[in-house]
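S.K.: Quick one: the structure is below, and I'll ask about it shortly.
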Amino acid sequence: MLIGEVARRSGVSARMLRHYESLGLVWPSGRTGSGYREYSGEDIRRIFHIESLRSLGLSLREIGRALDDPGFTPSELVGDLIRQTRERIAAETELLTRLHRIDAADPADWEHVLHVVSLLQALGSKSADARQRAALSSVDEVPVPVEALVDAALSETEPNVAGAIRWALARSGDGGSALLAQGLESPVAAVRARAVQSLAEMPGGEAAAHLRDALANPDAVVRGYAALALGTRGAADAVPTLIDMIVEGRNDTDAADALSVLADDTAAADRIATGLVDRLARATTEAPARGRLTQALAGIPGTTASRALAELSHDEDPAVALTATYLLRLRDG
């Protein structure tokens, strides 16, 4: 088969076939009487092998080794190709994400584009100071796209920088709450904690709704942050989780403070006091937890809490009785 016919049937141009021949990858088995290249069936099969290996991303040099070296094993080379392809995909994905974020900023001109790029680069800097400055400047200057701020909030480990990012995120407008809520489902505990901390500082009803959903999260840390945030917002559905925190000794002082904020009227105070008393009465509630529950009653106004403290002043646990007696004296005073 002459070179033109081979090119037509294989889809490999005659020029490329000559290039393969110059590299020693494939060469025609014979020549016609006129001196034209003539390819055998075996030559054509080798051409298809070359094209197949090229489709995997192998270089022509690697293809030559693969076809001609009897001791060549493909596993290591294929492993390298997998690694290189993953790195290329990751780089392209990162570029696509950056372009989407620049587009989301709706740049008015190239100066605006460059400013957004600069802020995005600063948010990803190894310097904590640079990341903090980028977060703070994003509010007063060109806004950073909310997706970038959410990513930064979920990955930041430096407390001061994290606080600046949450502050910027709380002022970034709509969209951040839903993205942060997705972070609550992360398999990484630290990411879930950062997500709920950021949600706690987000204003508006959407953030509050996500915090209410977080009260049912299987992660106790997430539930705790959500309950504390909702408590400061006056959400009564945080009460059971706040009482659980007191029993378990997790941020129990903050939880008791949140309950005292929620006890803003007689009806709310009575409900909270009743909830604390019910937990005190359970046989499964251990002595340290009973002490913390008794102390929490100190911040709850009303007759229900006062009656409970009066009864607890005669409790069989001396520590509980002593605490209740002391709190009663403070209330009487």
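Ordering of the structure tokens sets the chain letters (A, B, ...); residue numbers start at 1 within each chain; ligands are numbered from 1 in the order shown.
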Which residues, written as a PyMOL selection string, have at least one atom at most 6 Å from stretch 56-71 of chain A, with only C-alpha atoms counted and residues fewer than 2 positions away on the same chain left out?

M.R.: chain A and resi 25+53-54

S.K.: Keeping N, CA and C atoms, export the residues of the selection given above as a PDB file, in the first residue's frame.

M.R.:
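So out_4.pdb came out as:
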ATOM      1  N   LEU A  25      10.277   5.286  14.028  1.00  0.00           N
ATOM      2  CA  LEU A  25       9.100   4.680  14.651  1.00  0.00           C
ATOM      3  C   LEU A  25       8.442   3.660  13.724  1.00  0.00           C
ATOM      4  N   LEU A  53      -1.258   4.894  21.205  1.00  0.00           N
ATOM      5  CA  LEU A  53      -0.431   5.329  22.336  1.00  0.00           C
ATOM      6  C   LEU A  53      -0.354   6.853  22.417  1.00  0.00           C
ATOM      7  N   ARG A  54      -0.368   7.506  21.267  1.00  0.00           N
ATOM      8  CA  ARG A  54      -0.382   8.979  21.279  1.00  0.00           C
ATOM      9  C   ARG A  54      -1.651   9.505  21.934  1.00  0.00           C
TER      10      ARG A  54
END

S.K.: At a cut-off of 12 Å, using only C-alpha atoms, what residues contact stretch 158-160 of chain A? Leave out same-chain residues fewer than 5 positions from it and give the result as a list in words.

M.R.: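 Counting only the stated atoms, we get Lys126, Ser127, Ala128, Asp129, Ala130, Arg131, Gln132, Arg133, Ala135, Leu136, Ala152, Ala153, Ile165, Arg166, Trp167, Arg194 and Gln197 of chain A.
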
S.K.: How would the residues just picked look written out with N, CA and C atoms as a PDB file, in the first residue's frame?

M.R.:
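Written output follows (out-v2.pdb):
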ATOM      1  N   LYS A 126       0.671  32.570  51.198  1.00  0.00           N
ATOM      2  CA  LYS A 126       1.190  31.881  52.378  1.00  0.00           C
ATOM      3  C   LYS A 126       1.336  32.829  53.565  1.00  0.00           C
ATOM      4  N   SER A 127       1.289  34.123  53.297  1.00  0.00           N
ATOM      5  CA  SER A 127       1.431  35.129  54.347  1.00  0.00           C
ATOM      6  C   SER A 127       0.077  35.404  55.008  1.00  0.00           C
ATOM      7  N   ALA A 128       0.004  35.204  56.318  1.00  0.00           N
ATOM      8  CA  ALA A 128      -1.245  35.485  57.045  1.00  0.00           C
ATOM      9  C   ALA A 128      -1.601  36.961  56.953  1.00  0.00           C
ATOM     10  N   ASP A 129      -0.597  37.842  57.024  1.00  0.00           N
ATOM     11  CA  ASP A 129      -0.861  39.285  56.922  1.00  0.00           C
ATOM     12  C   ASP A 129      -1.486  39.628  55.575  1.00  0.00           C
ATOM     13  N   ALA A 130      -0.963  39.034  54.505  1.00  0.00           N
ATOM     14  CA  ALA A 130      -1.509  39.310  53.166  1.00  0.00           C
ATOM     15  C   ALA A 130      -2.957  38.836  53.064  1.00  0.00           C
ATOM     16  N   ARG A 131      -3.240  37.670  53.618  1.00  0.00           N
ATOM     17  CA  ARG A 131      -4.611  37.156  53.569  1.00  0.00           C
ATOM     18  C   ARG A 131      -5.553  38.056  54.366  1.00  0.00           C
ATOM     19  N   GLN A 132      -5.086  38.518  55.517  1.00  0.00           N
ATOM     20  CA  GLN A 132      -5.928  39.382  56.350  1.00  0.00           C
ATOM     21  C   GLN A 132      -6.192  40.718  55.658  1.00  0.00           C
ATOM     22  N   ARG A 133      -5.155  41.305  55.065  1.00  0.00           N
ATOM     23  CA  ARG A 133      -5.339  42.590  54.354  1.00  0.00           C
ATOM     24  C   ARG A 133      -6.306  42.428  53.193  1.00  0.00           C
ATOM     25  N   ALA A 135      -8.779  40.303  52.925  1.00  0.00           N
ATOM     26  CA  ALA A 135     -10.141  40.181  53.446  1.00  0.00           C
ATOM     27  C   ALA A 135     -10.693  41.534  53.868  1.00  0.00           C
ATOM     28  N   LEU A 136      -9.888  42.324  54.557  1.00  0.00           N
ATOM     29  CA  LEU A 136     -10.358  43.615  55.049  1.00  0.00           C
ATOM     30  C   LEU A 136     -10.566  44.604  53.913  1.00  0.00           C
ATOM     31  N   ALA A 152     -12.096  30.630  51.439  1.00  0.00           N
ATOM     32  CA  ALA A 152     -11.086  31.094  52.384  1.00  0.00           C
ATOM     33  C   ALA A 152     -11.530  30.854  53.823  1.00  0.00           C
ATOM     34  N   ALA A 153     -12.810  31.112  54.104  1.00  0.00           N
ATOM     35  CA  ALA A 153     -13.325  30.921  55.464  1.00  0.00           C
ATOM     36  C   ALA A 153     -13.262  29.459  55.880  1.00  0.00           C
ATOM     37  N   ILE A 165     -11.881  37.305  57.660  1.00  0.00           N
ATOM     38  CA  ILE A 165     -12.613  36.731  56.523  1.00  0.00           C
ATOM     39  C   ILE A 165     -14.094  36.607  56.854  1.00  0.00           C
ATOM     40  N   ARG A 166     -14.404  36.164  58.084  1.00  0.00           N
ATOM     41  CA  ARG A 166     -15.826  36.061  58.469  1.00  0.00           C
ATOM     42  C   ARG A 166     -16.478  37.437  58.479  1.00  0.00           C
ATOM     43  N   TRP A 167     -15.736  38.445  58.918  1.00  0.00           N
ATOM     44  CA  TRP A 167     -16.252  39.815  58.929  1.00  0.00           C
ATOM     45  C   TRP A 167     -16.562  40.268  57.501  1.00  0.00           C
ATOM     46  N   ARG A 194     -15.649  25.547  61.013  1.00  0.00           N
ATOM     47  CA  ARG A 194     -15.456  26.869  60.402  1.00  0.00           C
ATOM     48  C   ARG A 194     -16.721  27.321  59.687  1.00  0.00           C
ATOM     49  N   GLN A 197     -19.252  28.497  62.337  1.00  0.00           N
ATOM     50  CA  GLN A 197     -18.794  29.757  62.927  1.00  0.00           C
ATOM     51  C   GLN A 197     -19.050  30.919  61.977  1.00  0.00           C
TER      52      GLN A 197
END

S.K.: For A:Leu280, work out the shell of residues within 10 Å, counting only C-alpha atoms and skipping chain neighbours fewer than 6 positions away, then give it as a ChimeraX atom specification.

M.R.: /A:247,274,286-287,289-294,308,312

S.K.: For A:Leu114, which of A:Ala178, A:Leu184, A:Val320, A:Leu99 is the closest residue, counting only C-alpha atoms?

M.R.: A:Leu99

S.K.: One decimal, in Å: what's the spacing between atom CA of A:Ala268 and atom CA of A:Thr325?

M.R.: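 Here the two named atoms are 23.8 Å from each other.
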
S.K.: Using only C-alpha atoms, find the one residue out of A:Ala238, A:Ala91, A:Val117, A:Leu149 that sits nearest to A:Ser198.

M.R.: A:Leu149

S.K.: Using DSSP assignments from the backbone, pull out every residue in stretch 39-173 of chain A that falls under alpha helix (DSSP H) and give it to me as number ranges by chain.

M.R.: A: 41-55, 60-68, 74-104, 110-123, 128-140, 146-155, 159-170

S.K.: Tell me, as a PyMOL selection string, which residues lie within 12 Å of A:Arg31, counting only C-alpha atoms; anything in the same chain fewer than 3 positions away does not count.

M.R.: chain A and resi 1-3+27-28+34-40

S.K.: For each of A:Ala296, A:Pro301, A:Pro145, A:Tyr225, take the minimum atom-to-atom distance to A:Ala324, counting only C-alpha atoms, then give the residue where this is smallest.

M.R.: A:Ala296

S.K.: Excluding A:Glu311 and residues on its chain fewer than 4 positions from it, collect all residues at most 9 Å away from it, counting only C-alpha atoms, and give them as a list in words.

M.R.: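 In the requested format, the answer is Ser306, Arg307, Asp315, Ala321 and Ala324 of chain A.
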
S.K.: Just write the chosen residues, N, CA, C and O atoms, as a CSV table (one decimal), in the first residue's frame.

M.R.:
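The result, written out as out25.csv:
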chain,number,residue,atom,x,y,z
A,306,SER,N,-37.0,30.0,91.0
A,306,SER,CA,-36.8,30.2,92.4
A,306,SER,C,-37.3,29.0,93.2
A,306,SER,O,-36.6,28.5,94.2
A,307,ARG,N,-38.4,28.4,92.9
A,307,ARG,CA,-38.9,27.2,93.5
A,307,ARG,C,-38.0,26.0,93.4
A,307,ARG,O,-37.7,25.3,94.3
A,315,ASP,N,-31.1,19.3,98.5
A,315,ASP,CA,-30.8,18.1,97.7
A,315,ASP,C,-29.8,17.2,98.5
A,315,ASP,O,-29.0,17.7,99.3
A,321,ALA,N,-26.8,21.2,96.9
A,321,ALA,CA,-27.5,21.9,97.9
A,321,ALA,C,-26.8,23.2,98.3
A,321,ALA,O,-27.5,24.3,98.5
A,324,ALA,N,-27.3,25.8,95.4
A,324,ALA,CA,-28.7,26.3,95.4
A,324,ALA,C,-28.9,27.3,96.5
A,324,ALA,O,-29.6,28.3,96.3

S.K.: I'd like the interatomic distance between atom CA of A:Leu276 and atom CA of A:Leu228, to a tenth of an Å.

M.R.: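 Computed distance, atom CA of A:Leu276 to atom CA of A:Leu228, equals 16.6 Å.
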
S.K.: Could you please determine the separation between atom CA of A:Glu94 and atom CA of A:Ser177 in Å, to one decimal place?

M.R.: 22.7 Å

S.K.: Considering only C-alpha atoms, tabulate each residue of stretch 44-131 of chain A that lies at most 10 Å from stretch 11-19 of chain A along with its nearest interatomic pair and the corresponding distance in Å to one decimal; arrange the rows by chain and ascending residue number and present them as JSON lines.

M.R.:
{"residue": "A:Ile47", "atom": "CA", "partner": "A:Leu17", "partner_atom": "CA", "distance": 8.4}
{"residue": "A:Phe48", "atom": "CA", "partner": "A:Val12", "partner_atom": "CA", "distance": 9.2}
{"residue": "A:Glu51", "atom": "CA", "partner": "A:Val12", "partner_atom": "CA", "distance": 8.4}

S.K.: Limited to C-alpha atoms, could you put the picked residues into a file as a compact mmCIF listing (two decimals), in the first residue's frame?

M.R.:
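File selection39.txt, as written:
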# COMPACT_ATOMS: atom_id res chain seq x y z
CA ILE A 47 0.91 2.93 12.69
CA PHE A 48 -2.38 2.27 14.48
CA GLU A 51 -1.71 6.52 17.16

S.K.: Pick out the closest residue to A:Glu206 from this set: A:Gly176, A:Ala319, A:Ser125, A:Arg329. Count only C-alpha atoms.

M.R.: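 Distance minimum relative to A:Glu206 lands on A:Gly176.
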